[in-house]
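Peer 1: The following block contains the structure, expressed as structure tokens.
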Amino acid sequence: MDSSGNNQDFLPLLGTDFVEFYVGNAKQAAHYYKTAFGYQSCAYSGPETGDKEKVSYVLMQDKVRLILTTPLNSESSIAAHVHKHGDGVKAIALTVKDAYDAFEQTVKRGAKPYMEPKTIKDENGEIKMSGIHIYGDTVHLFIERHNYSGIFMPGFRKWESSYAPDPVGLKYIDHCVGNVGWNQMNTWVKFYEDTMGFKNILTFDDKQISTEYSALMSKVMSNGNGFVKFPINEPAEGKKKSQVEEYLDFYKDAGVQHVAIATDNIIDTVTKLSARGVEFLNIPTTYYDELLDRIGPIDEDIEPLKKLGILVDRDDEGYLLQIFTKPVEDRPTLFYEIIQRKGAKSFGAGNFKALFEALEREQDLRGNL
Ligand code: FE2
């Protein structure tokens with residue numbers, strides 16, 4: 001309910017518009033995302049399109065849209081972002097019906113302005129956009145694009161490339177997870193409730209998410225129509241350092257920990273990703289010994305799941321299959337989840353222990369456990 005006492009969603013979201021990364025070398029990162037993950041070249045901006053400050057490559061696969069942006073000079077705030085955090089997510093952009101209203105509604109409820117609402121135009125129409133700060137140096141952009149028919153937005157041109165590896169079946173962004181500092185989870189839960197009208201749909205305490213060595217807590221925030229979901233993690237006390245702490249140590253702030261992308265056929269997608277060099281967390285084969293006893297019958301054969309290291313979990317509404325990549329940069333920060341939902345709307349709580357033990361083995365190899 002909002003302050004006027006009605007249930008109307010004051011921030012209607014149509015979905016995730018794009019995720020923008022600030023990176024050290026967007027040209028090379030774009031090649032990696034095409035080669036390894038099967039993204040297609042979409043749009044480009046840079047000096048050739050009139051932007052002397054930065055270069056951006058837009059990549060797409062079905063509904064997933066990524067932007068890789070790199071600064072052209074060391075004085076730029078983008079260079080400062082990359083210097084501090086390494087490559088990472090700057091913006092989670094959300095598609096809205098009204099970018100001016102999204103700004104007004106969130107800012108009047110306490111969000112800190114990042115981008116004042118503006119309208120940008122070219123011969124294909126207009127895009128309206130605005131933005132607010134969230135945790136760390138991360139922001140949400142609100143993108144209104146229903147009056148635009150161009151390739152991406154004004155300032156960009158079509159990115160023509162003769163190099164186009166096949167897609168791997170990535171469909172849409174399922175959720176984006178944030179890691180925040182000690183005792184900060186509830187602050188950000190309240191932020192999403194108060195300023196964006198999200199609801200806390202699931203909560204995991206440190207007893208549910210713990211291994212012998214480390215623990216974390218997590219709350220999942222969802223917007224009204226469920227199109228946009230943001231789990232938020234904070235570290236919890238354990239015998240050793242948790243993966244969230246390791247992330248915070250290397251990212252130097254709160255930030256996006258993983259982006260989960262949905263597929264309709266996880267075995268096919270992960271087979272292709274592995275063949276193209278994407279590295280996944282190794283899951284001990286003992287995980288599969290009692291899998292069917294735990295989750296009941298599933299459509300897939302166990303053998304390919306075991307071979308690829310795909311995890312399975314069930315909730316009241318169905319089951320899901322999921323797998324996690326290793327970090328995709330040298331700092332142990334951002335990674336990806338590939339997820340296939342077969343009815344389940346949850347996040348794989350039954351896999352947390354196996355997953356975190358796998359993460360700890362990697363942390364230990366880096367000397368950070
Ligand atoms: Fe996830």
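Going through the structure tokens in order, the chains are called A, B, and so on, while each chain numbers its residues from 1 and the ligands are numbered from 1 in the order shown.
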Mind dumping a table of every chain A residue within 10 Å of ligand 1, with the nearest atom pair and its distance in Å to one decimal, using only C-alpha atoms and all ligand atoms, sorted by chain and rising number, as a Markdown table?

Peer 2:
| residue | atom | partner | partner_atom_place_in_ligand_line | distance |
| --- | --- | --- | --- | --- |
| A:Asp174 | CA | ligand 1 | 1 (Fe) | 8.3 |
| A:His175 | CA | ligand 1 | 1 (Fe) | 6.6 |
| A:Cys176 | CA | ligand 1 | 1 (Fe) | 7.1 |
| A:Val177 | CA | ligand 1 | 1 (Fe) | 6.4 |
| A:Gly178 | CA | ligand 1 | 1 (Fe) | 9.9 |
| A:Val220 | CA | ligand 1 | 1 (Fe) | 9.9 |
| A:Lys229 | CA | ligand 1 | 1 (Fe) | 9.9 |
| A:Phe230 | CA | ligand 1 | 1 (Fe) | 9.1 |
| A:Pro231 | CA | ligand 1 | 1 (Fe) | 7.6 |
| A:Gln257 | CA | ligand 1 | 1 (Fe) | 9.1 |
| A:His258 | CA | ligand 1 | 1 (Fe) | 6.7 |
| A:Val259 | CA | ligand 1 | 1 (Fe) | 7.0 |
| A:Ala260 | CA | ligand 1 | 1 (Fe) | 5.5 |
| A:Ile261 | CA | ligand 1 | 1 (Fe) | 8.9 |
| A:Gln322 | CA | ligand 1 | 1 (Fe) | 8.5 |
| A:Ile323 | CA | ligand 1 | 1 (Fe) | 9.2 |
| A:Phe324 | CA | ligand 1 | 1 (Fe) | 8.4 |
| A:Phe335 | CA | ligand 1 | 1 (Fe) | 9.9 |
| A:Tyr336 | CA | ligand 1 | 1 (Fe) | 8.2 |
| A:Glu337 | CA | ligand 1 | 1 (Fe) | 6.0 |
| A:Ile338 | CA | ligand 1 | 1 (Fe) | 8.5 |
| A:Ile339 | CA | ligand 1 | 1 (Fe) | 8.2 |
| A:Ser346 | CA | ligand 1 | 1 (Fe) | 9.5 |
| A:Phe347 | CA | ligand 1 | 1 (Fe) | 6.1 |
| A:Gly348 | CA | ligand 1 | 1 (Fe) | 7.9 |
| A:Ala349 | CA | ligand 1 | 1 (Fe) | 9.8 |

Peer 1: Please return, as a PyMOL selection string, all residues of stretch 24-254 of chain A that DSSP assigns to alpha helix (DSSP H) on the basis of the backbone.

Peer 2: chain A and resi 26-37+77-85+99-108+185-196+243-251

Peer 1: What lies within 10 Å of A:Glu329 using only C-alpha atoms, ignoring chain neighbours under 3 positions off, as a PyMOL selection string?

Peer 2: chain A and resi 23+29+86-88+326+332-335

Peer 1: Store the residues picked out above, limited to N, CA and C atoms, as a PDB file, in the first residue's frame.

Peer 2:
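selection18.pdb written:
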ATOM      1  N   VAL A  23      33.914  -1.293 -17.738  1.00  0.00           N
ATOM      2  CA  VAL A  23      35.023  -2.248 -17.877  1.00  0.00           C
ATOM      3  C   VAL A  23      36.280  -1.544 -18.380  1.00  0.00           C
ATOM      4  N   ALA A  29      36.123  -7.110 -23.974  1.00  0.00           N
ATOM      5  CA  ALA A  29      35.029  -7.728 -23.208  1.00  0.00           C
ATOM      6  C   ALA A  29      33.892  -8.122 -24.152  1.00  0.00           C
ATOM      7  N   GLY A  86      37.315  -2.585 -10.382  1.00  0.00           N
ATOM      8  CA  GLY A  86      37.555  -3.531 -11.467  1.00  0.00           C
ATOM      9  C   GLY A  86      36.335  -3.521 -12.370  1.00  0.00           C
ATOM     10  N   ASP A  87      36.254  -4.458 -13.311  1.00  0.00           N
ATOM     11  CA  ASP A  87      35.069  -4.544 -14.169  1.00  0.00           C
ATOM     12  C   ASP A  87      33.861  -4.904 -13.305  1.00  0.00           C
ATOM     13  N   GLY A  88      32.746  -4.243 -13.524  1.00  0.00           N
ATOM     14  CA  GLY A  88      31.564  -4.574 -12.725  1.00  0.00           C
ATOM     15  C   GLY A  88      30.332  -3.876 -13.241  1.00  0.00           C
ATOM     16  N   LYS A 326      32.277 -19.427 -12.553  1.00  0.00           N
ATOM     17  CA  LYS A 326      33.308 -18.791 -11.740  1.00  0.00           C
ATOM     18  C   LYS A 326      33.252 -17.295 -12.058  1.00  0.00           C
ATOM     19  N   PRO A 332      37.710 -11.682  -7.619  1.00  0.00           N
ATOM     20  CA  PRO A 332      36.603 -12.632  -7.356  1.00  0.00           C
ATOM     21  C   PRO A 332      35.303 -11.872  -7.061  1.00  0.00           C
ATOM     22  N   THR A 333      34.738 -11.256  -8.099  1.00  0.00           N
ATOM     23  CA  THR A 333      33.548 -10.427  -7.909  1.00  0.00           C
ATOM     24  C   THR A 333      32.375 -10.976  -8.728  1.00  0.00           C
ATOM     25  N   LEU A 334      32.018 -10.354  -9.827  1.00  0.00           N
ATOM     26  CA  LEU A 334      30.795 -10.752 -10.532  1.00  0.00           C
ATOM     27  C   LEU A 334      30.876 -12.138 -11.194  1.00  0.00           C
ATOM     28  N   PHE A 335      29.790 -12.889 -11.038  1.00  0.00           N
ATOM     29  CA  PHE A 335      29.660 -14.147 -11.789  1.00  0.00           C
ATOM     30  C   PHE A 335      28.237 -14.256 -12.329  1.00  0.00           C
TER      31      PHE A 335
END

Peer 1: Sort by chain and increasing residue number a table of all residues of stretch 205-291 of chain A within 12 Å of stretch 305-321 of chain A, each with its closest pair of atoms and their distance in Å to one decimal, counting only C-alpha atoms, and write it as a Markdown table.

Peer 2:
| residue | atom | partner | partner_atom | distance |
| --- | --- | --- | --- | --- |
| A:Ala260 | CA | A:Leu321 | CA | 11.8 |
| A:Ile261 | CA | A:Leu321 | CA | 11.8 |
| A:Ala262 | CA | A:Leu321 | CA | 10.0 |
| A:Thr263 | CA | A:Leu321 | CA | 9.8 |
| A:Asp264 | CA | A:Leu321 | CA | 10.3 |
| A:Asn265 | CA | A:Leu321 | CA | 9.5 |
| A:Ile266 | CA | A:Leu321 | CA | 7.3 |
| A:Ile267 | CA | A:Leu305 | CA | 7.0 |
| A:Asp268 | CA | A:Leu308 | CA | 10.2 |
| A:Thr269 | CA | A:Leu308 | CA | 10.6 |
| A:Val270 | CA | A:Leu308 | CA | 7.2 |
| A:Thr271 | CA | A:Leu308 | CA | 7.2 |
| A:Lys272 | CA | A:Leu308 | CA | 10.7 |
| A:Leu273 | CA | A:Leu308 | CA | 10.4 |
| A:Ser274 | CA | A:Leu308 | CA | 8.3 |
| A:Ala275 | CA | A:Leu308 | CA | 10.9 |
| A:Val278 | CA | A:Leu308 | CA | 11.7 |
| A:Glu279 | CA | A:Leu308 | CA | 10.5 |
| A:Phe280 | CA | A:Gly309 | CA | 7.9 |
| A:Leu281 | CA | A:Gly309 | CA | 7.6 |
| A:Asn282 | CA | A:Gly309 | CA | 6.3 |
| A:Ile283 | CA | A:Gly309 | CA | 5.4 |
| A:Pro284 | CA | A:Gly309 | CA | 8.0 |
| A:Thr285 | CA | A:Lys306 | CA | 6.4 |
| A:Thr286 | CA | A:Lys306 | CA | 9.3 |
| A:Tyr287 | CA | A:Lys306 | CA | 8.4 |
| A:Tyr288 | CA | A:Lys306 | CA | 6.5 |
| A:Asp289 | CA | A:Lys306 | CA | 9.7 |
| A:Glu290 | CA | A:Val312 | CA | 11.5 |
| A:Leu291 | CA | A:Val312 | CA | 7.8 |

Peer 1: Residues of stretch 39-80 of chain A that have any atom at most 12 Å from an atom of stretch 121-144 of chain A: could you tabulate them with the shortest-distance atom pair and the distance in Å to one decimal, using only C-alpha atoms, ordered by chain and increasing number, as JSON lines?

Peer 2:
{"residue": "A:Ser77", "atom": "CA", "partner": "A:Asp137", "partner_atom": "CA", "distance": 10.9}
{"residue": "A:Ile78", "atom": "CA", "partner": "A:Asp137", "partner_atom": "CA", "distance": 10.8}
{"residue": "A:Ala80", "atom": "CA", "partner": "A:Asp137", "partner_atom": "CA", "distance": 10.8}

Peer 1: With distances taken over only C-alpha atoms, which residue among A:Gln8, A:Ala111, A:Tyr172, A:Met185 lies nearest A:Gly224?

Peer 2: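 Once distances to A:Gly224 are computed over only C-alpha atoms, the minimum belongs to A:Gln8.
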
Peer 1: Looking at only C-alpha atoms, which of A:Ser149, A:Ser76, A:Asn225, A:Ser161 is the one that sits closest to A:Leu59?

Peer 2: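 Ranked by minimum distance to A:Leu59, first place goes to A:Ser161.
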
Peer 1: What lies within 12 Å of A:Asn223 using only C-alpha atoms, ignoring chain neighbours under 6 positions off, as a list in words?

Peer 2: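 In the requested form, the answer reads Asp9, Phe10, Leu11, Pro12, Leu13, Leu14, Gly15, Thr16, Leu94, His175, Val189, Tyr192, Glu193, Asp194, Thr195, Met196, Gly197, Phe198, Lys199, Asn200, Ile201, Lys229, Phe230 and Pro231 of chain A.
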